[in-house]
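As provided, final.cif (mmCIF, N, CA and C atoms and all ligand atoms) reads as follows.
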```cif
data_input
loop_
_atom_site.label_atom_id
_atom_site.label_comp_id
_atom_site.auth_asym_id
_atom_site.auth_seq_id
_atom_site.Cartn_x
_atom_site.Cartn_y
_atom_site.Cartn_z
N MET W 143 -12.90 0.59 51.41
CA MET W 143 -12.88 1.77 50.53
C MET W 143 -13.55 2.94 51.26
N ASN W 144 -12.87 4.07 51.34
CA ASN W 144 -13.49 5.20 52.01
C ASN W 144 -14.42 5.98 51.06
N LYS W 145 -15.10 6.94 51.63
CA LYS W 145 -16.09 7.69 50.85
C LYS W 145 -15.45 8.42 49.66
N PHE W 146 -14.27 8.97 49.91
CA PHE W 146 -13.60 9.75 48.87
C PHE W 146 -13.24 8.88 47.67
N THR W 147 -12.68 7.70 47.96
CA THR W 147 -12.30 6.78 46.89
C THR W 147 -13.51 6.37 46.05
N SER W 148 -14.61 6.03 46.75
CA SER W 148 -15.78 5.59 45.99
C SER W 148 -16.38 6.75 45.18
N LEU W 149 -16.22 7.96 45.69
CA LEU W 149 -16.70 9.12 44.92
C LEU W 149 -15.88 9.27 43.64
N ILE W 150 -14.57 9.15 43.77
CA ILE W 150 -13.69 9.27 42.60
C ILE W 150 -14.01 8.19 41.57
N ILE W 151 -14.17 6.96 42.05
CA ILE W 151 -14.47 5.86 41.13
C ILE W 151 -15.82 6.08 40.44
N GLY W 152 -16.78 6.57 41.22
CA GLY W 152 -18.09 6.87 40.65
C GLY W 152 -18.01 7.92 39.56
N LEU W 153 -17.26 8.98 39.82
CA LEU W 153 -17.10 10.05 38.83
C LEU W 153 -16.40 9.53 37.57
N LEU W 154 -15.40 8.67 37.80
CA LEU W 154 -14.64 8.10 36.70
C LEU W 154 -15.55 7.27 35.78
N LEU W 155 -16.43 6.48 36.39
CA LEU W 155 -17.36 5.65 35.62
C LEU W 155 -18.31 6.51 34.79
N VAL W 156 -18.82 7.58 35.40
CA VAL W 156 -19.72 8.48 34.69
C VAL W 156 -18.99 9.12 33.51
N PHE W 157 -17.75 9.54 33.77
CA PHE W 157 -16.95 10.19 32.74
C PHE W 157 -16.68 9.23 31.60
N MET W 158 -16.30 8.00 31.91
CA MET W 158 -15.99 7.02 30.88
C MET W 158 -17.22 6.69 30.04
N ALA W 159 -18.36 6.57 30.70
CA ALA W 159 -19.60 6.26 29.97
C ALA W 159 -19.94 7.40 29.02
N GLY W 160 -19.77 8.64 29.50
CA GLY W 160 -20.07 9.80 28.67
C GLY W 160 -19.16 9.87 27.47
N CYS W 161 -17.91 9.49 27.68
CA CYS W 161 -16.91 9.56 26.64
C CYS W 161 -17.16 8.54 25.54
N SER W 162 -17.57 7.35 25.93
CA SER W 162 -17.64 6.28 24.96
C SER W 162 -18.93 6.30 24.16
N SER W 163 -19.91 7.12 24.59
CA SER W 163 -21.17 7.14 23.86
C SER W 163 -20.95 7.74 22.48
N ASN W 164 -21.56 7.18 21.50
CA ASN W 164 -21.50 7.61 20.10
C ASN W 164 -20.06 7.80 19.62
N ASN W 165 -19.24 6.85 20.03
CA ASN W 165 -17.85 6.91 19.65
C ASN W 165 -17.45 5.63 18.93
N PHE W 166 -16.40 5.73 18.14
CA PHE W 166 -15.91 4.57 17.43
C PHE W 166 -14.53 4.21 17.92
N ASP W 167 -14.21 2.96 17.77
CA ASP W 167 -12.86 2.50 18.04
C ASP W 167 -12.18 2.34 16.68
N LEU W 168 -11.15 3.16 16.44
CA LEU W 168 -10.50 3.16 15.13
C LEU W 168 -9.12 2.56 15.21
N LYS W 169 -8.80 1.76 14.19
CA LYS W 169 -7.44 1.24 14.09
C LYS W 169 -6.95 1.52 12.68
N LEU W 170 -5.96 2.41 12.59
CA LEU W 170 -5.41 2.79 11.29
C LEU W 170 -4.18 1.94 11.00
N THR W 171 -4.16 1.35 9.82
CA THR W 171 -3.02 0.52 9.42
C THR W 171 -2.38 1.12 8.18
N THR W 172 -1.10 1.45 8.29
CA THR W 172 -0.36 1.99 7.15
C THR W 172 0.93 1.20 7.01
N PRO W 173 1.50 1.13 5.79
CA PRO W 173 2.79 0.45 5.64
C PRO W 173 3.89 1.26 6.34
N LYS W 174 5.00 0.59 6.63
CA LYS W 174 6.11 1.29 7.29
C LYS W 174 6.87 2.18 6.30
N SER W 175 6.82 1.79 5.01
CA SER W 175 7.57 2.54 4.00
C SER W 175 6.77 2.64 2.71
N PHE W 176 7.16 3.59 1.85
CA PHE W 176 6.46 3.78 0.59
C PHE W 176 7.44 4.27 -0.47
N THR W 177 7.00 4.18 -1.74
CA THR W 177 7.79 4.66 -2.86
C THR W 177 7.09 5.89 -3.43
N PRO W 178 7.77 7.04 -3.45
CA PRO W 178 7.15 8.25 -4.01
C PRO W 178 6.71 8.00 -5.46
N GLY W 179 5.54 8.54 -5.81
CA GLY W 179 5.02 8.33 -7.15
C GLY W 179 4.11 7.12 -7.25
N GLN W 180 4.13 6.30 -6.21
CA GLN W 180 3.21 5.16 -6.18
C GLN W 180 2.23 5.36 -5.02
N SER W 181 1.03 4.84 -5.21
CA SER W 181 0.04 5.04 -4.14
C SER W 181 0.31 4.09 -2.98
N THR W 182 -0.04 4.57 -1.81
CA THR W 182 0.22 3.83 -0.58
C THR W 182 -1.11 3.37 0.02
N PRO W 183 -1.25 2.06 0.24
CA PRO W 183 -2.53 1.58 0.79
C PRO W 183 -2.69 1.95 2.27
N ILE W 184 -3.88 2.39 2.58
CA ILE W 184 -4.22 2.78 3.96
C ILE W 184 -5.49 2.04 4.35
N GLN W 185 -5.48 1.52 5.56
CA GLN W 185 -6.63 0.75 5.98
C GLN W 185 -7.10 1.20 7.35
N LEU W 186 -8.40 1.29 7.47
CA LEU W 186 -8.98 1.73 8.74
C LEU W 186 -10.03 0.72 9.18
N LYS W 187 -9.87 0.24 10.39
CA LYS W 187 -10.90 -0.67 10.93
C LYS W 187 -11.74 0.12 11.92
N ILE W 188 -13.05 0.07 11.74
CA ILE W 188 -13.95 0.83 12.60
C ILE W 188 -14.86 -0.12 13.36
N LEU W 189 -14.79 -0.01 14.68
CA LEU W 189 -15.67 -0.79 15.53
C LEU W 189 -16.56 0.16 16.32
N ASP W 190 -17.77 -0.28 16.61
CA ASP W 190 -18.63 0.57 17.44
C ASP W 190 -18.27 0.35 18.91
N ARG W 191 -18.99 1.01 19.81
CA ARG W 191 -18.57 0.95 21.21
C ARG W 191 -18.82 -0.42 21.85
N GLU W 192 -19.53 -1.28 21.12
CA GLU W 192 -19.69 -2.65 21.62
C GLU W 192 -18.69 -3.60 20.97
N GLY W 193 -17.81 -3.02 20.15
CA GLY W 193 -16.78 -3.85 19.51
C GLY W 193 -17.24 -4.54 18.24
N LYS W 194 -18.40 -4.11 17.72
CA LYS W 194 -18.89 -4.71 16.48
C LYS W 194 -18.43 -3.88 15.28
N PRO W 195 -18.12 -4.54 14.14
CA PRO W 195 -17.71 -3.80 12.95
C PRO W 195 -18.79 -2.84 12.48
N VAL W 196 -18.37 -1.64 12.11
CA VAL W 196 -19.31 -0.63 11.62
C VAL W 196 -19.48 -0.80 10.12
N LYS W 197 -20.72 -1.04 9.70
CA LYS W 197 -21.00 -1.27 8.28
C LYS W 197 -21.73 -0.09 7.67
N GLY W 198 -21.42 0.17 6.39
CA GLY W 198 -22.16 1.18 5.63
C GLY W 198 -21.83 2.61 5.97
N ALA W 199 -20.66 2.86 6.53
CA ALA W 199 -20.28 4.25 6.82
C ALA W 199 -19.59 4.85 5.60
N LYS W 200 -19.69 6.18 5.49
CA LYS W 200 -18.92 6.90 4.47
C LYS W 200 -17.67 7.43 5.16
N VAL W 201 -16.52 7.05 4.65
CA VAL W 201 -15.28 7.39 5.34
C VAL W 201 -14.31 8.10 4.39
N SER W 202 -13.79 9.21 4.85
CA SER W 202 -12.74 9.88 4.08
C SER W 202 -11.65 10.34 5.05
N ALA W 203 -10.49 10.62 4.50
CA ALA W 203 -9.37 11.03 5.33
C ALA W 203 -8.59 12.12 4.63
N LYS W 204 -7.98 12.96 5.44
CA LYS W 204 -7.11 14.02 4.94
C LYS W 204 -5.80 13.88 5.69
N LEU W 205 -4.71 13.89 4.93
CA LEU W 205 -3.40 13.65 5.54
C LEU W 205 -2.61 14.94 5.60
N ASP W 206 -2.15 15.27 6.78
CA ASP W 206 -1.40 16.51 6.95
C ASP W 206 -0.07 16.25 7.63
N MET W 207 0.92 17.07 7.23
CA MET W 207 2.19 17.10 7.94
C MET W 207 2.26 18.45 8.63
N GLN W 208 2.75 18.44 9.85
CA GLN W 208 2.77 19.68 10.62
C GLN W 208 3.62 20.74 9.93
N GLY W 209 3.02 21.91 9.72
CA GLY W 209 3.74 23.04 9.17
C GLY W 209 4.08 22.94 7.70
N MET W 210 3.46 22.00 6.99
CA MET W 210 3.75 21.84 5.56
C MET W 210 2.46 21.76 4.77
N SER W 211 2.59 22.12 3.50
CA SER W 211 1.44 21.99 2.61
C SER W 211 1.81 21.04 1.48
N HIS W 212 1.01 20.02 1.30
CA HIS W 212 1.28 19.05 0.23
C HIS W 212 0.11 18.97 -0.74
N GLY W 213 -0.58 20.09 -0.92
CA GLY W 213 -1.69 20.08 -1.87
C GLY W 213 -2.88 19.29 -1.34
N ASP W 214 -3.66 18.76 -2.25
CA ASP W 214 -4.86 18.02 -1.85
C ASP W 214 -4.46 16.61 -1.44
N THR W 215 -4.60 16.32 -0.16
CA THR W 215 -4.18 15.02 0.35
C THR W 215 -5.38 14.23 0.87
N SER W 216 -6.57 14.57 0.36
CA SER W 216 -7.74 13.86 0.86
C SER W 216 -7.99 12.61 0.03
N LEU W 217 -8.53 11.62 0.66
CA LEU W 217 -8.85 10.39 -0.04
C LEU W 217 -10.11 9.78 0.53
N LYS W 218 -10.78 9.01 -0.31
CA LYS W 218 -11.97 8.28 0.13
C LYS W 218 -11.57 6.86 0.47
N LEU W 219 -12.20 6.33 1.50
CA LEU W 219 -11.95 4.95 1.86
C LEU W 219 -13.19 4.12 1.53
N GLN W 220 -12.95 3.03 0.81
CA GLN W 220 -14.04 2.16 0.40
C GLN W 220 -14.17 1.00 1.38
N GLU W 221 -15.41 0.67 1.68
CA GLU W 221 -15.67 -0.43 2.59
C GLU W 221 -15.29 -1.76 1.92
N THR W 222 -14.48 -2.55 2.60
CA THR W 222 -14.14 -3.86 2.05
C THR W 222 -14.78 -4.99 2.86
N GLY W 223 -15.51 -4.65 3.89
CA GLY W 223 -16.22 -5.64 4.69
C GLY W 223 -15.65 -5.78 6.09
N ASN W 224 -16.49 -6.27 7.00
CA ASN W 224 -16.08 -6.55 8.38
C ASN W 224 -15.54 -5.31 9.10
N GLY W 225 -16.08 -4.15 8.77
CA GLY W 225 -15.66 -2.92 9.45
C GLY W 225 -14.37 -2.33 8.92
N VAL W 226 -13.86 -2.88 7.82
CA VAL W 226 -12.60 -2.39 7.26
C VAL W 226 -12.87 -1.48 6.07
N TYR W 227 -12.19 -0.34 6.05
CA TYR W 227 -12.30 0.63 4.97
C TYR W 227 -10.90 0.90 4.44
N ALA W 228 -10.76 0.85 3.11
CA ALA W 228 -9.42 0.94 2.53
C ALA W 228 -9.35 2.03 1.48
N GLY W 229 -8.20 2.67 1.39
CA GLY W 229 -7.98 3.70 0.39
C GLY W 229 -6.53 3.78 0.01
N LYS W 230 -6.25 4.62 -0.99
CA LYS W 230 -4.88 4.79 -1.44
C LYS W 230 -4.47 6.25 -1.32
N ALA W 231 -3.34 6.46 -0.68
CA ALA W 231 -2.84 7.82 -0.48
C ALA W 231 -1.68 8.08 -1.43
N ASN W 232 -1.58 9.32 -1.87
CA ASN W 232 -0.43 9.71 -2.66
C ASN W 232 0.47 10.59 -1.80
N LEU W 233 1.47 9.97 -1.23
CA LEU W 233 2.35 10.68 -0.31
C LEU W 233 3.55 11.24 -1.08
N GLU W 234 3.99 12.40 -0.67
CA GLU W 234 5.13 13.04 -1.33
C GLU W 234 6.42 12.89 -0.55
N MET W 235 6.30 12.80 0.76
CA MET W 235 7.54 12.70 1.52
C MET W 235 7.36 11.87 2.78
N GLU W 236 8.50 11.39 3.28
CA GLU W 236 8.46 10.61 4.51
C GLU W 236 8.33 11.54 5.71
N GLY W 237 7.87 10.99 6.81
CA GLY W 237 7.74 11.80 8.02
C GLY W 237 6.51 11.43 8.82
N ASP W 238 6.14 12.37 9.68
CA ASP W 238 4.99 12.16 10.57
C ASP W 238 3.74 12.80 9.99
N TYR W 239 2.70 12.02 9.92
CA TYR W 239 1.43 12.50 9.37
C TYR W 239 0.33 12.47 10.43
N THR W 240 -0.60 13.38 10.27
CA THR W 240 -1.84 13.32 11.03
C THR W 240 -2.97 13.07 10.03
N ALA W 241 -3.68 11.99 10.23
CA ALA W 241 -4.83 11.69 9.39
C ALA W 241 -6.08 12.20 10.08
N THR W 242 -6.77 13.14 9.44
CA THR W 242 -8.06 13.59 9.96
C THR W 242 -9.13 12.75 9.26
N ILE W 243 -9.79 11.94 10.04
CA ILE W 243 -10.72 10.97 9.49
C ILE W 243 -12.15 11.42 9.72
N GLN W 244 -12.90 11.48 8.63
CA GLN W 244 -14.31 11.84 8.76
C GLN W 244 -15.17 10.61 8.52
N ILE W 245 -16.02 10.33 9.48
CA ILE W 245 -16.91 9.18 9.38
C ILE W 245 -18.35 9.68 9.37
N ASP W 246 -19.06 9.31 8.33
CA ASP W 246 -20.47 9.64 8.21
C ASP W 246 -21.25 8.34 8.37
N TYR W 247 -21.89 8.19 9.51
CA TYR W 247 -22.57 6.94 9.79
C TYR W 247 -24.01 7.22 10.19
N ASN W 248 -24.93 6.73 9.36
CA ASN W 248 -26.37 6.98 9.58
C ASN W 248 -26.67 8.47 9.75
N GLY W 249 -26.00 9.30 8.95
CA GLY W 249 -26.24 10.73 9.00
C GLY W 249 -25.52 11.46 10.12
N GLU W 250 -24.84 10.71 10.96
CA GLU W 250 -24.08 11.34 12.04
C GLU W 250 -22.62 11.42 11.66
N LYS W 251 -22.09 12.64 11.69
CA LYS W 251 -20.71 12.82 11.29
C LYS W 251 -19.80 12.92 12.50
N SER W 252 -18.66 12.27 12.40
CA SER W 252 -17.67 12.48 13.46
C SER W 252 -16.28 12.61 12.85
N LEU W 253 -15.49 13.42 13.49
CA LEU W 253 -14.12 13.69 13.06
C LEU W 253 -13.16 13.10 14.08
N ARG W 254 -12.17 12.39 13.58
CA ARG W 254 -11.18 11.83 14.50
C ARG W 254 -9.79 11.99 13.91
N GLU W 255 -8.81 12.01 14.75
CA GLU W 255 -7.44 12.13 14.27
C GLU W 255 -6.62 10.92 14.67
N LYS W 256 -5.79 10.50 13.71
CA LYS W 256 -4.85 9.40 13.97
C LYS W 256 -3.50 9.80 13.41
N ARG W 257 -2.46 9.44 14.11
CA ARG W 257 -1.12 9.78 13.64
C ARG W 257 -0.40 8.54 13.13
N PHE W 258 0.47 8.74 12.15
CA PHE W 258 1.33 7.64 11.71
C PHE W 258 2.61 8.22 11.13
N SER W 259 3.62 7.37 11.06
CA SER W 259 4.90 7.76 10.48
C SER W 259 5.24 6.80 9.35
N ILE W 260 5.93 7.33 8.36
CA ILE W 260 6.28 6.49 7.22
C ILE W 260 7.62 6.97 6.66
N VAL W 261 8.41 6.02 6.12
CA VAL W 261 9.71 6.38 5.54
C VAL W 261 9.77 5.92 4.08
N TYR W 262 10.76 6.42 3.36
CA TYR W 262 10.96 5.98 1.98
C TYR W 262 11.40 4.52 1.96
N LYS W 263 10.90 3.81 0.95
CA LYS W 263 11.31 2.42 0.79
C LYS W 263 12.75 2.38 0.29
N LYS W 264 13.55 1.59 0.93
CA LYS W 264 14.97 1.48 0.52
C LYS W 264 15.08 0.53 -0.68
N GLU W 265 15.96 0.89 -1.61
CA GLU W 265 16.22 0.00 -2.74
C GLU W 265 16.88 -1.27 -2.21
N GLN W 266 16.45 -2.40 -2.75
CA GLN W 266 17.03 -3.68 -2.29
C GLN W 266 18.36 -3.93 -2.99
CU CU W 301 6.06 17.26 4.24
#
```
Would you kindly transcribe this structure into structure tokens?
Ligand SMILES: [Cu+2]
Amino acid sequence: MNKFTSLIIGLLLVFMAGCSSNNFDLKLTTPKSFTPGQSTPIQLKILDREGKPVKGAKVSAKLDMQGMSHGDTSLKLQETGNGVYAGKANLEMEGDYTATIQIDYNGEKSLREKRFSIVYKKEQ
């Protein structure tokens, strides 16, 4: 390994360490389809940077569609255990959503974004 390569790798390690500090690993789970007028379950799994479930956080989410307004789309997620937080969304239309997730953990707030897509449930 030459000097340049080891310098790059060194910088990369510093950058990665800086990035992962005070960060969460989020996994958003949403159904593939929904029925308008019925609430849609949304689940978020939060792990800390060591991969342990985050307990006792206050979690809320706001759902947005690009270039559209759908009124108040914020919801609270309740902790169900093991780092999982669940809530119900009232979606009006199918399409691509951006969930802005606010996590309040031990007084430290962080904002994160997750995207998902959903379609109307087809009649059987
Ligand atoms: Cu829309």
| message | If DSSP is run on the backbone, what residues of stretch 149-249 of chain W are strand (DSSP E)? A reply as a ChimeraX atom specification would be ideal. | response | /W:167-171,175-176,182-189,200-206,216-223,226-231,237-247
| request: List all protein, DNA and RNA residues that have any atom at most 10 Å from ligand CU 301 (chain W), counting only C-alpha atoms and all ligand atoms, and write the list as a PyMOL selection string. | output: chain W and resi 206-212+233-239
Go ahead and write the residues just picked, N, CA and C atoms, as an mmCIF file, in the frame of the given file.
```cif
data_model
loop_
_atom_site.group_PDB
_atom_site.id
_atom_site.type_symbol
_atom_site.label_atom_id
_atom_site.label_comp_id
_atom_site.auth_asym_id
_atom_site.auth_seq_id
_atom_site.Cartn_x
_atom_site.Cartn_y
_atom_site.Cartn_z
ATOM 1 N N ASP W 206 -2.150 15.270 6.780
ATOM 2 C CA ASP W 206 -1.400 16.510 6.950
ATOM 3 C C ASP W 206 -0.070 16.250 7.630
ATOM 4 N N MET W 207 0.920 17.070 7.230
ATOM 5 C CA MET W 207 2.190 17.100 7.940
ATOM 6 C C MET W 207 2.260 18.450 8.630
ATOM 7 N N GLN W 208 2.750 18.440 9.850
ATOM 8 C CA GLN W 208 2.770 19.680 10.620
ATOM 9 C C GLN W 208 3.620 20.740 9.930
ATOM 10 N N GLY W 209 3.020 21.910 9.720
ATOM 11 C CA GLY W 209 3.740 23.040 9.170
ATOM 12 C C GLY W 209 4.080 22.940 7.700
ATOM 13 N N MET W 210 3.460 22.000 6.990
ATOM 14 C CA MET W 210 3.750 21.840 5.560
ATOM 15 C C MET W 210 2.460 21.760 4.770
ATOM 16 N N SER W 211 2.590 22.120 3.500
ATOM 17 C CA SER W 211 1.440 21.990 2.610
ATOM 18 C C SER W 211 1.810 21.040 1.480
ATOM 19 N N HIS W 212 1.010 20.020 1.300
ATOM 20 C CA HIS W 212 1.280 19.050 0.230
ATOM 21 C C HIS W 212 0.110 18.970 -0.740
ATOM 22 N N LEU W 233 1.470 9.970 -1.230
ATOM 23 C CA LEU W 233 2.350 10.680 -0.310
ATOM 24 C C LEU W 233 3.550 11.240 -1.080
ATOM 25 N N GLU W 234 3.990 12.400 -0.670
ATOM 26 C CA GLU W 234 5.130 13.040 -1.330
ATOM 27 C C GLU W 234 6.420 12.890 -0.550
ATOM 28 N N MET W 235 6.300 12.800 0.760
ATOM 29 C CA MET W 235 7.540 12.700 1.520
ATOM 30 C C MET W 235 7.360 11.870 2.780
ATOM 31 N N GLU W 236 8.500 11.390 3.280
ATOM 32 C CA GLU W 236 8.460 10.610 4.510
ATOM 33 C C GLU W 236 8.330 11.540 5.710
ATOM 34 N N GLY W 237 7.870 10.990 6.810
ATOM 35 C CA GLY W 237 7.740 11.800 8.020
ATOM 36 C C GLY W 237 6.510 11.430 8.820
ATOM 37 N N ASP W 238 6.140 12.370 9.680
ATOM 38 C CA ASP W 238 4.990 12.160 10.570
ATOM 39 C C ASP W 238 3.740 12.800 9.990
ATOM 40 N N TYR W 239 2.700 12.020 9.920
ATOM 41 C CA TYR W 239 1.430 12.500 9.370
ATOM 42 C C TYR W 239 0.330 12.470 10.430
#
```
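The shell of residues at most 8 Å from W:Ser202, with all atoms listed in the file counted and near chain neighbours (fewer than 6 positions) removed, consists of Ser216, Leu217, Lys218, Leu219, Gln220, Ala241, Thr242, Ile243, Gln244, Ile245 and Asp246 of chain W.
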| alpha helix (DSSP H) positions in chain W, given as an MDAnalysis selection string | chainID W and resid 145:162
| request: For each of W:Asn232, W:Ser148, W:Ser175, W:Thr215, take the minimum atom-to-atom distance to W:Lys264, counting only C-alpha atoms, then give the residue where this is smallest. | output: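 Looking at the shortest contact to W:Lys264, the residue is W:Ser175.
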| Pairwise distance for atom CA of W:Gly179 and atom CA of W:Val226, rounded to one decimal in Å |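 Atom-to-atom, atom CA of W:Gly179 and atom CA of W:Val226 are spaced 25.2 Å apart.
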| query | Which distance in Å separates atom C of W:Ala228 and atom N of W:Glu265, to one decimal? | reply |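 Spanning atom C of W:Ala228 to atom N of W:Glu265 is a straight-line distance of 25.5 Å.
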| field | Counting all atoms listed in the file, the option among W:Thr222, W:Leu170, W:Asp214, W:Lys145 closest to W:Arg257 | value |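 Closest residue, counting all atoms listed in the file: W:Leu170.
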| message | Quick check, in Å to one decimal: how far apart do atom N of W:Gln180 and atom C of W:Gly223 lie? | response |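 Between atom N of W:Gln180 and atom C of W:Gly223 the gap is 26.2 Å.
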| Neighbour list for W:Gly193 as a ChimeraX atom specification, cut-off 9 Å, only C-alpha atoms, skip fewer than 5 positions in-chain | /W:166-167,188
Only N, CA and C atoms, please: the residues just picked out, written as a CSV table (one decimal), in the frame of the given file.
```csv
chain,number,residue,atom,x,y,z
W,166,PHE,N,-16.4,5.7,18.1
W,166,PHE,CA,-15.9,4.6,17.4
W,166,PHE,C,-14.5,4.2,17.9
W,167,ASP,N,-14.2,3.0,17.8
W,167,ASP,CA,-12.9,2.5,18.0
W,167,ASP,C,-12.2,2.3,16.7
W,188,ILE,N,-13.0,0.1,11.7
W,188,ILE,CA,-14.0,0.8,12.6
W,188,ILE,C,-14.9,-0.1,13.4
```
| field | Residue with smallest distance to W:Pro178 - pool W:Lys200, W:Ala231, W:Asn248, W:Lys256, counting only C-alpha atoms | value | W:Ala231
| query | Excluding same-chain residues fewer than 5 positions from W:Lys194, what lies within 9 Å of it counting only C-alpha atoms, as a list in words? | reply |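 The neighbour list is Ile188, Leu189, Asn224 and Gly225 of chain W.
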Those residues with N, CA and C atoms, as a CSV table (one decimal), keeping the file's coordinate frame please?
```csv
chain,number,residue,atom,x,y,z
W,188,ILE,N,-13.0,0.1,11.7
W,188,ILE,CA,-14.0,0.8,12.6
W,188,ILE,C,-14.9,-0.1,13.4
W,189,LEU,N,-14.8,0.0,14.7
W,189,LEU,CA,-15.7,-0.8,15.5
W,189,LEU,C,-16.6,0.2,16.3
W,224,ASN,N,-16.5,-6.3,7.0
W,224,ASN,CA,-16.1,-6.6,8.4
W,224,ASN,C,-15.5,-5.3,9.1
W,225,GLY,N,-16.1,-4.2,8.8
W,225,GLY,CA,-15.7,-2.9,9.4
W,225,GLY,C,-14.4,-2.3,8.9
```
| request: Find the spatial neighbours of W:Tyr247, counting only C-alpha atoms, within a cut-off of 9 Å - ignore same-chain residues fewer than 3 positions away - and output them as a PyMOL selection string. | output: chain W and resi 196-201+250-252
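Using only N, CA and C atoms, the nearest neighbour of W:Lys204 within the list W:Thr177, W:Ser259, W:Asn144, W:Thr240 is W:Thr240.
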